Structure formats: C-alpha cells, structure tokens
file entry_12.cif (mmCIF, C-alpha atoms)
data_query
loop_
_atom_site.label_atom_id
_atom_site.label_comp_id
_atom_site.auth_asym_id
_atom_site.auth_seq_id
_atom_site.Cartn_x
_atom_site.Cartn_y
_atom_site.Cartn_z
CA MET A 1 -4.00 10.91 -14.74
CA ARG A 2 -1.94 8.12 -16.32
CA LEU A 3 -0.49 5.21 -14.35
CA ARG A 4 1.60 2.22 -15.37
CA ASN A 5 -0.66 -0.83 -15.14
CA THR A 6 1.23 -3.84 -13.78
CA GLU A 7 -1.13 -6.22 -15.56
CA THR A 8 -0.79 -4.75 -19.06
CA GLY A 9 2.60 -3.04 -18.79
CA ARG A 10 1.04 0.05 -20.39
CA LEU A 11 0.49 3.59 -19.20
CA ASP A 12 -3.28 3.59 -18.73
CA SER A 13 -5.48 6.65 -18.33
CA VAL A 14 -7.57 6.68 -15.18
CA ALA A 15 -11.05 7.33 -16.56
CA GLY A 16 -14.18 8.53 -14.83
CA SER A 17 -15.21 11.24 -12.39
CA ALA A 18 -15.66 8.86 -9.43
CA ILE A 19 -12.65 6.67 -8.64
CA GLY A 20 -12.53 3.67 -6.31
CA VAL A 21 -9.08 3.00 -4.86
CA TYR A 22 -8.22 -0.11 -2.85
CA VAL A 23 -4.80 -0.44 -1.23
CA CYS A 24 -3.71 -3.50 0.72
CA GLY A 25 -2.95 -2.29 4.21
CA ILE A 26 -0.84 -3.53 7.09
CA THR A 27 -0.73 -6.86 8.83
CA PRO A 28 -0.50 -5.38 12.33
CA TYR A 29 2.01 -7.54 14.18
CA ASP A 30 4.93 -5.09 14.42
CA THR A 31 5.76 -1.41 14.15
CA THR A 32 5.61 0.71 10.96
CA HIS A 33 8.83 0.74 8.93
CA LEU A 34 10.03 2.92 6.07
CA GLY A 35 8.87 0.42 3.46
CA HIS A 36 5.30 0.82 4.73
CA ALA A 37 5.71 4.59 4.66
CA PHE A 38 6.91 4.52 1.04
CA THR A 39 3.76 2.67 -0.04
CA TYR A 40 1.23 4.71 1.90
CA VAL A 41 2.81 8.12 1.27
CA MET A 42 2.76 7.38 -2.46
CA PHE A 43 -0.91 6.41 -2.42
CA ASP A 44 -1.64 9.45 -0.25
CA VAL A 45 -0.17 11.69 -2.97
CA LEU A 46 -2.03 9.76 -5.67
CA VAL A 47 -5.36 10.35 -3.92
CA ARG A 48 -4.52 14.04 -3.34
CA ALA A 49 -3.71 14.44 -7.05
CA LEU A 50 -6.90 12.69 -8.19
CA ARG A 51 -8.99 14.95 -5.99
CA ALA A 52 -7.09 18.07 -7.10
CA GLY A 53 -7.89 17.05 -10.67
CA GLY A 54 -11.60 17.19 -9.91
CA ARG A 55 -12.20 13.46 -9.24
CA SER A 56 -14.37 12.11 -6.47
CA VAL A 57 -12.31 9.39 -4.74
CA ARG A 58 -13.40 6.61 -2.39
CA TYR A 59 -10.20 5.31 -0.84
CA VAL A 60 -10.30 1.95 0.96
CA GLN A 61 -7.29 0.62 2.88
CA ASN A 62 -7.74 -2.58 4.85
CA VAL A 63 -6.26 -4.06 8.00
CA THR A 64 -5.30 -7.74 7.70
CA ASP A 65 -5.87 -8.58 11.36
CA ILE A 66 -6.43 -12.31 10.73
CA ASP A 67 -3.14 -13.75 9.54
CA ASP A 68 -0.61 -16.45 10.36
CA ASP A 69 2.05 -13.87 11.26
CA ILE A 70 -0.21 -12.21 13.82
CA MET A 71 -0.98 -15.56 15.45
CA LYS A 72 2.72 -16.44 15.61
CA ARG A 73 3.74 -13.08 17.06
CA ALA A 74 0.93 -13.11 19.63
CA ARG A 75 2.10 -16.52 20.89
CA GLN A 76 5.65 -15.18 21.25
CA LEU A 77 4.40 -12.18 23.26
CA LYS A 78 1.88 -14.29 25.22
CA ILE A 79 -1.01 -11.96 24.41
CA SER A 80 -4.17 -12.47 22.38
CA TRP A 81 -4.12 -11.93 18.62
CA ASP A 82 -6.72 -9.15 18.82
CA GLN A 83 -4.81 -7.29 21.55
CA LEU A 84 -1.72 -7.33 19.36
CA ALA A 85 -3.64 -6.23 16.26
CA THR A 86 -5.38 -3.39 18.12
CA LYS A 87 -2.12 -2.09 19.59
CA GLU A 88 -0.13 -2.20 16.36
CA THR A 89 -2.94 -0.71 14.26
CA ARG A 90 -3.19 2.22 16.67
CA LEU A 91 0.58 2.81 16.42
CA TYR A 92 0.47 2.59 12.63
CA ARG A 93 -2.34 5.14 12.39
CA GLN A 94 -0.43 7.52 14.63
CA ASP A 95 2.68 7.14 12.48
CA MET A 96 0.64 7.96 9.37
CA ARG A 97 -0.93 11.01 11.01
CA ASP A 98 2.52 12.25 11.99
CA LEU A 99 3.66 11.82 8.37
CA HIS A 100 0.72 13.97 7.17
CA VAL A 101 -0.90 10.97 5.48
CA LEU A 102 -4.62 11.58 5.08
CA PRO A 103 -6.77 8.74 6.47
CA PRO A 104 -8.58 6.50 3.98
CA ASP A 105 -12.32 6.95 3.57
CA VAL A 106 -12.89 3.36 4.68
CA PHE A 107 -10.57 1.38 6.96
CA PRO A 108 -12.08 -2.13 7.18
CA TYR A 109 -10.77 -5.00 9.26
CA ALA A 110 -10.71 -8.58 8.01
CA SER A 111 -12.12 -9.76 11.34
CA GLN A 112 -15.20 -7.60 10.79
CA THR A 113 -15.80 -8.96 7.28
CA VAL A 114 -16.06 -12.69 8.01
CA PRO A 115 -19.77 -13.07 7.03
CA GLN A 116 -19.03 -11.55 3.59
CA ILE A 117 -15.95 -13.79 3.26
CA ILE A 118 -17.99 -16.92 4.03
CA ALA A 119 -20.68 -15.89 1.53
CA MET A 120 -18.10 -15.28 -1.21
CA ALA A 121 -16.35 -18.58 -0.53
CA GLY A 122 -19.70 -20.35 -0.70
CA ARG A 123 -20.40 -18.86 -4.14
CA LEU A 124 -17.01 -20.06 -5.37
CA GLU A 125 -17.67 -23.59 -4.12
CA ALA A 126 -21.16 -23.69 -5.64
CA SER A 127 -19.80 -22.64 -9.05
CA GLY A 128 -17.03 -25.25 -9.05
CA HIS A 129 -14.18 -22.82 -8.38
CA ALA A 130 -13.52 -24.23 -4.91
CA TYR A 131 -13.52 -27.58 -3.14
CA ALA A 132 -13.55 -28.72 0.49
CA ARG A 133 -11.03 -31.09 2.06
CA GLU A 134 -10.88 -32.02 5.77
CA GLY A 135 -12.32 -28.75 7.04
CA ASN A 136 -10.39 -26.55 4.59
CA LEU A 137 -11.73 -24.90 1.46
CA TYR A 138 -9.35 -24.47 -1.49
CA TYR A 139 -9.60 -22.36 -4.62
CA ARG A 140 -9.32 -24.54 -7.74
CA VAL A 141 -6.74 -22.71 -9.87
CA ALA A 142 -7.41 -25.04 -12.82
CA SER A 143 -10.88 -23.46 -13.08
CA PHE A 144 -9.29 -20.08 -13.90
CA PRO A 145 -6.97 -20.50 -16.93
CA GLU A 146 -5.68 -16.93 -16.69
CA TYR A 147 -4.05 -17.47 -13.31
CA GLY A 148 -0.63 -15.84 -13.67
CA ARG A 149 -1.67 -12.97 -15.93
CA LEU A 150 -0.71 -10.30 -13.36
CA SER A 151 2.71 -11.66 -12.46
CA HIS A 152 3.43 -12.80 -16.05
CA ALA A 153 5.03 -15.91 -14.55
CA SER A 154 5.17 -19.51 -15.71
CA ARG A 155 3.49 -22.26 -13.74
CA GLU A 156 6.90 -23.55 -12.64
CA GLN A 157 7.94 -20.11 -11.39
CA MET A 158 4.67 -19.64 -9.49
CA ILE A 159 5.15 -22.98 -7.73
CA VAL A 160 8.63 -21.90 -6.64
CA TRP A 161 7.29 -18.57 -5.39
CA SER A 162 4.41 -20.29 -3.63
CA ARG A 163 6.84 -22.50 -1.73
CA GLU A 164 8.95 -19.46 -0.78
CA ARG A 165 5.98 -17.34 0.27
CA GLY A 166 4.00 -19.67 2.49
CA GLY A 167 1.68 -21.22 -0.08
CA ASP A 168 2.54 -24.85 0.82
CA PRO A 169 2.34 -26.41 -2.67
CA SER A 170 3.08 -29.84 -1.16
CA ASP A 171 -0.17 -29.93 0.87
CA PRO A 172 -1.53 -33.44 0.02
CA ARG A 173 -5.14 -32.23 0.28
CA LYS A 174 -4.72 -29.99 -2.76
CA GLU A 175 -5.73 -31.00 -6.26
CA ASP A 176 -2.99 -28.75 -7.62
CA PRO A 177 0.13 -27.28 -5.97
CA LEU A 178 -1.06 -23.73 -6.81
CA ASP A 179 -4.49 -24.10 -5.21
CA PHE A 180 -4.82 -21.75 -2.24
CA LEU A 181 -6.84 -21.60 0.96
CA LEU A 182 -10.13 -19.77 1.12
CA TRP A 183 -11.00 -21.18 4.54
CA GLN A 184 -8.91 -23.12 7.04
CA GLN A 185 -9.26 -24.90 10.33
CA SER A 186 -8.15 -22.81 13.30
CA LEU A 187 -5.65 -23.98 15.89
CA ALA A 188 -6.74 -24.07 19.53
CA ASP A 189 -5.49 -20.53 20.33
CA GLU A 190 -6.67 -18.90 17.09
CA PRO A 191 -9.93 -17.04 16.37
CA THR A 192 -12.73 -19.26 15.12
CA TRP A 193 -15.96 -18.70 13.24
CA ASP A 194 -18.61 -21.20 12.25
CA SER A 195 -18.86 -21.93 8.53
CA PRO A 196 -20.29 -24.55 6.14
CA TRP A 197 -16.82 -26.20 6.13
CA GLY A 198 -16.47 -26.31 9.91
CA ALA A 199 -15.14 -23.97 12.55
CA GLY A 200 -12.16 -22.02 11.28
CA ARG A 201 -10.88 -18.74 9.89
CA PRO A 202 -10.44 -17.14 6.45
CA GLY A 203 -7.46 -17.54 4.17
CA TRP A 204 -5.42 -14.42 3.44
CA HIS A 205 -6.35 -13.67 -0.17
CA ILE A 206 -10.11 -13.83 0.11
CA GLU A 207 -10.11 -11.28 2.92
CA CYS A 208 -9.07 -8.45 0.58
CA SER A 209 -11.41 -9.56 -2.20
CA ALA A 210 -14.38 -9.56 0.16
CA MET A 211 -13.49 -6.14 1.59
CA ALA A 212 -12.97 -4.63 -1.87
CA LEU A 213 -16.30 -6.00 -3.12
CA GLU A 214 -18.07 -4.83 0.03
CA HIS A 215 -16.88 -1.24 -0.18
CA LEU A 216 -16.19 -0.62 -3.89
CA GLY A 217 -18.33 -3.12 -5.78
CA PRO A 218 -17.27 -5.77 -8.33
CA GLN A 219 -14.71 -3.60 -10.10
CA VAL A 220 -11.99 -1.41 -8.62
CA ASP A 221 -10.51 1.49 -10.58
CA ILE A 222 -7.07 1.41 -8.93
CA HIS A 223 -5.83 -1.48 -6.81
CA GLY A 224 -2.37 -1.63 -5.36
CA GLY A 225 0.19 -2.11 -2.65
CA GLY A 226 3.81 -3.12 -2.44
CA GLU A 227 5.21 -5.05 -5.40
CA ASP A 228 5.84 -8.04 -3.10
CA LEU A 229 2.05 -8.57 -3.13
CA ILE A 230 1.82 -9.21 -6.88
CA PHE A 231 2.18 -12.95 -6.30
CA PRO A 232 0.46 -14.73 -4.72
CA HIS A 233 -1.83 -12.18 -3.10
CA HIS A 234 -3.01 -10.00 -5.96
CA GLU A 235 -2.83 -12.82 -8.48
CA SER A 236 -5.19 -14.82 -6.27
CA GLU A 237 -7.47 -11.83 -5.70
CA ILE A 238 -8.02 -11.56 -9.45
CA ALA A 239 -8.89 -15.24 -9.81
CA GLN A 240 -11.36 -15.47 -6.95
CA SER A 241 -12.97 -12.04 -7.49
CA GLU A 242 -13.61 -12.49 -11.21
CA ALA A 243 -14.84 -16.05 -10.64
CA ALA A 244 -17.24 -14.88 -7.92
CA THR A 245 -18.66 -11.86 -9.76
CA GLY A 246 -18.21 -12.57 -13.47
CA VAL A 247 -16.87 -9.01 -13.88
CA ARG A 248 -13.56 -8.61 -15.69
CA PRO A 249 -11.13 -7.07 -15.03
CA PHE A 250 -11.42 -7.01 -11.25
CA ALA A 251 -9.11 -3.97 -11.20
CA ARG A 252 -8.85 -1.59 -14.15
CA THR A 253 -5.36 -0.49 -13.10
CA TRP A 254 -2.89 -2.33 -10.85
CA THR A 255 -0.37 0.02 -9.21
CA HIS A 256 2.58 -1.43 -7.32
CA ILE A 257 5.18 0.33 -5.20
CA GLY A 258 8.86 -0.65 -5.26
CA MET A 259 10.66 -2.18 -2.30
CA VAL A 260 12.89 -0.30 0.13
CA ARG A 261 16.15 -2.08 0.82
CA TYR A 262 18.45 -1.63 3.78
CA ARG A 263 21.95 -3.05 4.10
CA GLY A 264 21.57 -4.95 0.85
CA GLU A 265 18.25 -6.66 1.50
CA LYS A 266 14.55 -5.83 1.23
CA MET A 267 13.40 -4.07 4.37
CA SER A 268 11.09 -6.50 6.16
CA LYS A 269 10.01 -7.60 9.59
CA SER A 270 11.10 -11.19 8.98
CA LEU A 271 14.66 -10.09 8.18
CA LYS A 272 14.71 -7.67 11.14
CA ASN A 273 16.43 -4.98 9.09
CA LEU A 274 13.92 -2.24 9.76
CA VAL A 275 14.20 1.53 9.74
CA LEU A 276 11.24 2.47 11.90
CA VAL A 277 9.12 5.51 11.10
CA ARG A 278 8.76 6.31 14.81
CA ASP A 279 12.54 6.45 15.22
CA LEU A 280 12.95 8.75 12.20
CA LEU A 281 10.20 11.05 13.48
CA GLY A 282 12.20 11.46 16.66
CA ARG A 283 15.07 12.93 14.64
CA PHE A 284 13.54 14.52 11.54
CA ASP A 285 10.37 16.39 10.69
CA ALA A 286 7.62 14.78 8.62
CA ASP A 287 8.28 16.99 5.59
CA SER A 288 11.89 15.78 5.38
CA ILE A 289 10.85 12.13 5.55
CA ARG A 290 8.22 12.70 2.86
CA VAL A 291 10.79 14.47 0.65
CA LEU A 292 13.10 11.46 1.00
CA LEU A 293 10.27 9.13 -0.10
CA LEU A 294 8.91 11.39 -2.85
CA SER A 295 12.35 11.85 -4.38
CA GLN A 296 12.09 8.19 -5.48
CA HIS A 297 9.82 7.12 -8.32
CA TYR A 298 7.09 4.90 -6.92
CA ARG A 299 7.81 1.96 -9.24
CA GLU A 300 11.54 1.80 -8.47
CA SER A 301 13.08 -0.11 -5.59
CA TRP A 302 15.83 1.73 -3.73
CA GLU A 303 18.18 1.43 -0.78
CA TYR A 304 17.90 3.59 2.30
CA THR A 305 21.02 5.22 3.72
CA GLU A 306 21.46 7.71 6.51
CA ASP A 307 23.19 10.07 4.06
CA GLN A 308 20.03 10.16 1.92
CA MET A 309 17.93 11.06 4.93
CA MET A 310 20.29 13.85 5.92
CA ALA A 311 20.34 15.20 2.35
CA ALA A 312 16.54 15.19 2.25
CA ALA A 313 16.39 17.07 5.56
CA GLU A 314 18.84 19.70 4.29
CA TRP A 315 16.95 20.14 1.02
CA THR A 316 13.67 20.49 2.91
CA ALA A 317 15.14 23.07 5.27
CA GLN A 318 16.40 25.12 2.33
CA LEU A 319 13.00 24.89 0.67
CA ARG A 320 11.29 25.98 3.87
CA SER A 321 13.63 28.90 4.49
CA GLY A 322 13.14 30.14 0.91
CA ALA A 323 9.33 29.95 0.97
CA ALA A 324 7.72 33.39 0.99
CA PRO A 325 4.62 33.84 3.19
CA PRO A 326 1.41 32.93 1.32
CA SER A 327 -0.17 35.97 -0.32
CA ASP A 328 -3.63 36.04 -1.84
CA GLY A 329 -4.42 32.33 -1.93
CA SER A 330 -3.85 32.19 -5.68
CA SER A 331 -3.12 28.78 -7.19
CA GLY A 332 -0.47 30.41 -9.39
CA ARG A 333 1.50 27.78 -11.31
CA SER A 334 0.64 24.91 -8.97
CA GLY A 335 -0.82 23.15 -12.00
CA GLU A 336 2.76 22.33 -13.03
CA VAL A 337 3.11 20.13 -9.95
CA LEU A 338 -0.24 18.48 -10.61
CA ALA A 339 0.80 17.81 -14.22
CA ALA A 340 3.92 15.99 -13.00
CA LEU A 341 1.84 13.86 -10.65
CA GLU A 342 -0.66 13.04 -13.39
CA ASP A 343 2.24 11.71 -15.50
CA ASP A 344 2.59 8.29 -13.81
CA LEU A 345 2.86 9.87 -10.35
CA ASN A 346 6.24 11.47 -11.11
CA THR A 347 6.98 12.73 -7.61
CA PRO A 348 10.68 13.54 -8.29
CA ALA A 349 9.59 15.90 -11.10
CA ALA A 350 6.85 17.31 -8.86
CA LEU A 351 9.46 18.19 -6.21
CA GLU A 352 11.52 19.95 -8.86
CA ARG A 353 8.49 21.98 -9.95
CA LEU A 354 7.76 22.90 -6.33
CA ALA A 355 11.33 24.12 -5.81
CA GLU A 356 11.00 26.30 -8.92
CA LEU A 357 7.77 27.83 -7.62
CA VAL A 358 9.39 28.62 -4.28
CA ARG A 359 12.47 30.15 -5.94
CA SER A 360 10.31 32.33 -8.17
CA THR A 361 8.03 33.30 -5.24
CA ASP A 362 5.04 32.05 -7.21
CA PRO A 363 1.89 32.48 -5.05
CA GLY A 364 0.79 28.94 -5.88
CA TRP A 365 3.59 27.24 -3.95
CA PRO A 366 1.41 26.46 -0.86
CA VAL A 367 -1.16 24.70 -3.08
CA ALA A 368 1.62 22.77 -4.80
CA ALA A 369 3.18 21.80 -1.45
CA GLY A 370 -0.21 20.58 -0.26
CA LEU A 371 -0.48 18.26 -3.27
CA LEU A 372 2.68 16.55 -1.97
CA GLY A 373 1.49 16.55 1.63
CA LEU A 374 4.20 19.02 2.66
CA GLN A 375 3.40 21.64 5.28
CA LEU A 376 6.77 23.46 5.20
CA GLU A 377 6.33 24.67 8.74
CA SER A 378 9.25 25.06 11.14
CA GLY A 379 10.22 21.95 13.05
CA GLY A 380 8.35 18.71 13.48
CA PRO A 381 6.96 16.56 16.27
CA SER A 382 10.41 16.35 17.84
CA GLY A 383 11.45 19.92 17.12
CA ARG A 384 14.72 18.51 15.77
CA SER A 385 14.39 19.05 12.03
CA ALA A 386 17.48 20.11 10.13
CA ARG A 387 17.48 23.84 9.36
CA VAL A 388 19.91 25.34 6.84
CA ALA A 389 19.76 29.00 5.85
CA GLY A 390 20.17 30.03 2.23
CA PRO A 391 18.44 29.79 -1.12
CA VAL A 392 16.65 26.69 -2.38
CA THR A 393 19.10 24.45 -4.20
CA ALA A 394 18.72 23.53 -7.84
CA PRO A 395 16.37 20.62 -8.62
CA GLU A 396 19.23 18.39 -9.74
CA GLN A 397 20.56 18.51 -6.17
CA LEU A 398 17.57 16.63 -4.82
CA PRO A 399 18.57 13.55 -2.85
CA PRO A 400 19.19 10.66 -5.26
#

call {"tool": "encode", "arguments": {"input": "entry_12.cif", "output": "structure tokens"}}
result
Amino acid sequence: MRLRNTETGRLDSVAGSAIGVYVCGITPYDTTHLGHAFTYVMFDVLVRALRAGGRSVRYVQNVTDIDDDIMKRARQLKISWDQLATKETRLYRQDMRDLHVLPPDVFPYASQTVPQIIAMAGRLEASGHAYAREGNLYYRVASFPEYGRLSHASREQMIVWSRERGGDPSDPRKEDPLDFLLWQQSLADEPTWDSPWGAGRPGWHIECSAMALEHLGPQVDIHGGGEDLIFPHHESEIAQSEAATGVRPFARTWTHIGMVRYRGEKMSKSLKNLVLVRDLLGRFDADSIRVLLLSQHYRESWEYTEDQMMAAAEWTAQLRSGAAPPSDGSSGRSGEVLAALEDDLNTPAALERLAELVRSTDPGWPVAAGLLGLQLESGGPSGRSARVAGPVTAPEQLPP
C-alpha cells in the first residue's frame, strides 16, 4: 500500500503488519452531509484494502462532542449540549451503516477522555510547552520551531488562517498570535470539569491528540480526515503530541480527503449548502452513492451535481444487472482491484477493474465488489434505486 503523505508530498509505503489508523470524526451538531460521506467512505475502503492485503488494522474514529459549535447549536435549539451530541451521533452512525461503512474498532468521545486530556496538558505545561493565563492554558508555539511543517505555510499565512478559522490571534492573553488553547474556562451553560487551571473544558486540538495516544500509542501509522483539518487542527496535533511524547513523527503518513463543493462553494454546515446523506438514501441505493464517491480520487476536490448522482445510479444498475451469480467462491482476478487500491487508493481505477471482472464473468467479482463496500443487491433502503437493463458500460463512461 502506497499513500501520498501530506507532510512530505511523497508517495509513502505503509509498512508493518499491524496498522494504527486514526481519522478525525464528526462534530455532532447537525446531520451527515455528502462531504462527511466522502471522507468516511474513502477511509472505509482504505481499511478494507489494508485488511485484504493481510494487515491487522486498529481503526480509531473519534467524536468531537465538546466543541464551540455544539454549544452554539444547543443554545439555538434550547437543549443540552450532550442531548444534541447524542442525537446527532446516533443519526450519523445510522447513515454510515446504511452506506455500508464498517464501524471503526474504537469510537471514543472527547467527553469521555477528559482525564487523559488534563494529564497531557499538564505534561506540556511542566515541560515549558504551555502556559496558563486567567484560567486558560495555551500551547506555546514558539517552543516548537517546526510548527507549520504539515501545511507548508508561512507564519503570516497561518495567522490569516487562524483568524478565519476561529483561532483568535488577537487574544491579549497570548504570548504569540498562533498560540492555541489546550484548556479554557467554560461559560455558565457549558460542560465543566475541574483542572489545575480552574474549572473549564478542553480545547479542540488536544482532544484528538489525547484520544490517539490513548488508543494507538505515541505514533500513528495513518492519520487523516478532510483537507480542511490540515490547519490548524492537524498542525496543532503534531506540535502538542510530539512535545508531550518526544516521539517523531506523530503520524507516519498524513492522508487528507478533498472537499465536496455544491453550487460553487465548499459543502459545509456553516454555509447551509448541504446535500444530506439521509435525503439521498431516500432516492438512491447505497451502492449508487458509494459509486458516485468512489469515482472521485480521494485527494481531489469536486463539485456535486444531480446529473452526477443520476449517472452513478445508472452505471451501478448496469453493473448490477450484468453481474453473474457467484459461483465457487473463487477470488479470481479480484487482486486487480486490490492493486488499484494499493496504488494511492485509486478508487476510480478500482471501479474500472471491477466493471471488467463483471463483464468477463470472472468469479472474483464479489470479492472485488466487497473491497469497495458494494453489495450489488437489488434496491436499497428506499427500494427506489435506478435500474437499467443492458450490459455494463465501458470504464470510460464512469461518472466524471
């Protein structure tokens, strides 16, 4: 398996027989959209491919249930933050099940990891990497000269991004505009835990570091999420994790998924330009939605259109109608699909190989389909999947 490493820009081989994978999960304050699905379907296929290649995988995907956005949304809805997080996490997990996404091995919540977060923050303060001001604890970026090595950005650019992405570089309590919160005072209606710095709650970045260290140890083989997390989230994870453990690099390979745009802008809750997974599942089967997502390369951003979704549904229906019943359980030429996935998770090429196996009635097509999380069964949860009779179309007719 080779993957493009965001940090080095190289195609790195994933070494070892036991692989630890950490993927930044949802902040559960609203319903699952297609951008989420793109990220988690891609990592689902990555984990399937690693296991098919004989690797033992421990897959950790967190829930960021302590976050400013959750607090804000809970106030708007006049419910508690934990009620909101519980509801939205349940809906997300159901959406993933309906998309044939295998559950992670570990699904930790930030709210259940607070003792480990406090201990890690304390180590950073004791070693001079953090400082307390008025009940807050800040990471001292000046103590980590390599800050910026993941995003490959200048200090000036990182300050601009920090201002745009909620980092508050003008906070007068900071020694440096890029310093970030490890611990903060809670408002009256927010969750609160006792700590050496006073009653409060964790900062965003340290939550993922603490959960990764708790469940995978001081070094992660593959760490990833959407590319919008590169800065400041993953950049800050590197700084605080390596400072706390002394182990470098924190992640051997950083894998980031491109953004899904809709109507000219990145699909996001804040912009309210969402294509919801639940709505699509009411109109199309899970295989068709996965084909739409897998026909994009994971590192490329792309724009969703209804025409693309319809084309993916038609292609899937043709593939399904051309699939001969499984015969003797042979793996046939399914290794061709695995080879495509091991080449920087080339899912468009893997779909082409699968179509060729179906057209040639190769007995390994069910194994190959399983690598992509495709069941190729009639219909879906809604029973409204597109069905088109006829032979499987040529690979070049895959949805763009």

call {"tool": "resolve_selection", "arguments": {"input": "entry_12.cif", "expression": "the PyMOL selection byres ((chain A and resi 46-61) around 6)", "output": "list in words"}}
result
Ser17, Ala18, Ile19, Gly20, Val21, Tyr22, Val23, Cys24, Gly25, Phe43, Asp44, Val45, Asn62, Pro104, Asp105, Val106, Phe107 and Leu371 of chain A

call {"tool": "resolve_selection", "arguments": {"input": "entry_12.cif", "expression": "the PyMOL selection byres ((chain A and resi 320) around 9)", "output": "ChimeraX atom specification"}}
result
/A:315-319,321-324,358,376-378,387,392

call {"tool": "closest_residue", "arguments": {"input": "entry_12.cif", "among": "A:Ser241, A:Thr39, A:Ser330, A:Asn136", "to": "A:Gln185", "atoms": "all atoms listed in the file"}}
result
A:Asn136

call {"tool": "residues_near_point", "arguments": {"input": "entry_12.cif", "point": "(5.4, -7.2, -11.0)", "cutoff": "7 Å", "atoms": "only C-alpha atoms", "output": "list in words"}}
result
Thr6, Ser151, Glu227 and Ile230 of chain A

call {"tool": "residues_around", "arguments": {"input": "entry_12.cif", "residues": "A:Leu351", "least_positions_apart": "2", "cutoff": "8 Å", "atoms": "all atoms listed in the file", "output": "ChimeraX atom specification"}}
result
/A:291,294-295,337,347-349,353-355,395

call {"tool": "write_last_selection", "arguments": {"input": "entry_12.cif", "atoms": "C-alpha atoms", "output": "PDB file, in the coordinates of the input"}}
result
ATOM      1  CA  VAL A 291      10.790  14.470   0.650  1.00  0.00           C
ATOM      2  CA  LEU A 294       8.910  11.390  -2.850  1.00  0.00           C
ATOM      3  CA  SER A 295      12.350  11.850  -4.380  1.00  0.00           C
ATOM      4  CA  VAL A 337       3.110  20.130  -9.950  1.00  0.00           C
ATOM      5  CA  THR A 347       6.980  12.730  -7.610  1.00  0.00           C
ATOM      6  CA  PRO A 348      10.680  13.540  -8.290  1.00  0.00           C
ATOM      7  CA  ALA A 349       9.590  15.900 -11.100  1.00  0.00           C
ATOM      8  CA  ARG A 353       8.490  21.980  -9.950  1.00  0.00           C
ATOM      9  CA  LEU A 354       7.760  22.900  -6.330  1.00  0.00           C
ATOM     10  CA  ALA A 355      11.330  24.120  -5.810  1.00  0.00           C
ATOM     11  CA  PRO A 395      16.370  20.620  -8.620  1.00  0.00           C
TER      12      PRO A 395
END

call {"tool": "closest_residue", "arguments": {"input": "entry_12.cif", "among": "A:Val14, A:Leu187, A:Ala311, A:Ile289", "to": "A:Leu372", "atoms": "only C-alpha atoms"}}
result
A:Ile289

call {"tool": "closest_atom_pairs", "arguments": {"input": "entry_12.cif", "of": "stretch 212-319 of chain A", "to": "stretch 170-183 of chain A", "cutoff": "10 Å", "atoms": "all atoms listed in the file", "output": "JSON lines"}}
result
{"residue": "A:Pro232", "atom": "CA", "partner": "A:Phe180", "partner_atom": "CA", "distance": 9.1}
{"residue": "A:Ser236", "atom": "CA", "partner": "A:Phe180", "partner_atom": "CA", "distance": 8.0}
{"residue": "A:Gln240", "atom": "CA", "partner": "A:Leu182", "partner_atom": "CA", "distance": 9.2}

call {"tool": "resolve_selection", "arguments": {"input": "entry_12.cif", "expression": "the PyMOL selection byres ((chain A and resi 81) around 12)", "output": "PyMOL selection string"}}
result
chain A and resi 27-29+64-80+82-88+111+189-192

call {"tool": "closest_residue", "arguments": {"input": "entry_12.cif", "among": "A:Met309, A:Leu91, A:Ala210, A:Ala130", "to": "A:Asp30", "atoms": "all atoms listed in the file"}}
result
A:Leu91

call {"tool": "atom_distance", "arguments": {"input": "entry_12.cif", "atom1": "atom CA of A:Glu235", "atom2": "atom CA of A:Val275"}}
result
28.8 Å

call {"tool": "closest_residue", "arguments": {"input": "entry_12.cif", "among": "A:Ser162, A:Asn5, A:Ser154, A:Ser327", "to": "A:Gly224", "atoms": "only C-alpha atoms"}}
result
A:Asn5

call {"tool": "closest_residue", "arguments": {"input": "entry_12.cif", "among": "A:Ser186, A:Ile206, A:Pro108, A:Val63", "to": "A:Gly122", "atoms": "all atoms listed in the file"}}
result
A:Ile206

call {"tool": "decode", "arguments": {"input": "entry_12.cif", "residues": "stretch 193-207 of chain A", "atoms": "C-alpha atoms", "output": "PDB file, in the first residue's frame"}}
result
ATOM      1  CA  TRP A 193     -14.505  19.762  34.669  1.00  0.00           C
ATOM      2  CA  ASP A 194     -12.101  20.567  37.468  1.00  0.00           C
ATOM      3  CA  SER A 195      -8.476  21.023  36.432  1.00  0.00           C
ATOM      4  CA  PRO A 196      -5.210  22.524  37.736  1.00  0.00           C
ATOM      5  CA  TRP A 197      -6.076  25.701  35.774  1.00  0.00           C
ATOM      6  CA  GLY A 198      -9.600  26.024  37.139  1.00  0.00           C
ATOM      7  CA  ALA A 199     -12.997  24.719  36.138  1.00  0.00           C
ATOM      8  CA  GLY A 200     -13.345  24.533  32.375  1.00  0.00           C
ATOM      9  CA  ARG A 201     -13.266  22.337  29.291  1.00  0.00           C
ATOM     10  CA  PRO A 202     -10.667  21.140  26.769  1.00  0.00           C
ATOM     11  CA  GLY A 203      -9.565  22.971  23.654  1.00  0.00           C
ATOM     12  CA  TRP A 204     -10.334  21.316  20.330  1.00  0.00           C
ATOM     13  CA  HIS A 205      -6.897  20.156  19.189  1.00  0.00           C
ATOM     14  CA  ILE A 206      -5.764  18.382  22.331  1.00  0.00           C
ATOM     15  CA  GLU A 207      -8.889  16.227  22.353  1.00  0.00           C
TER      16      GLU A 207
END
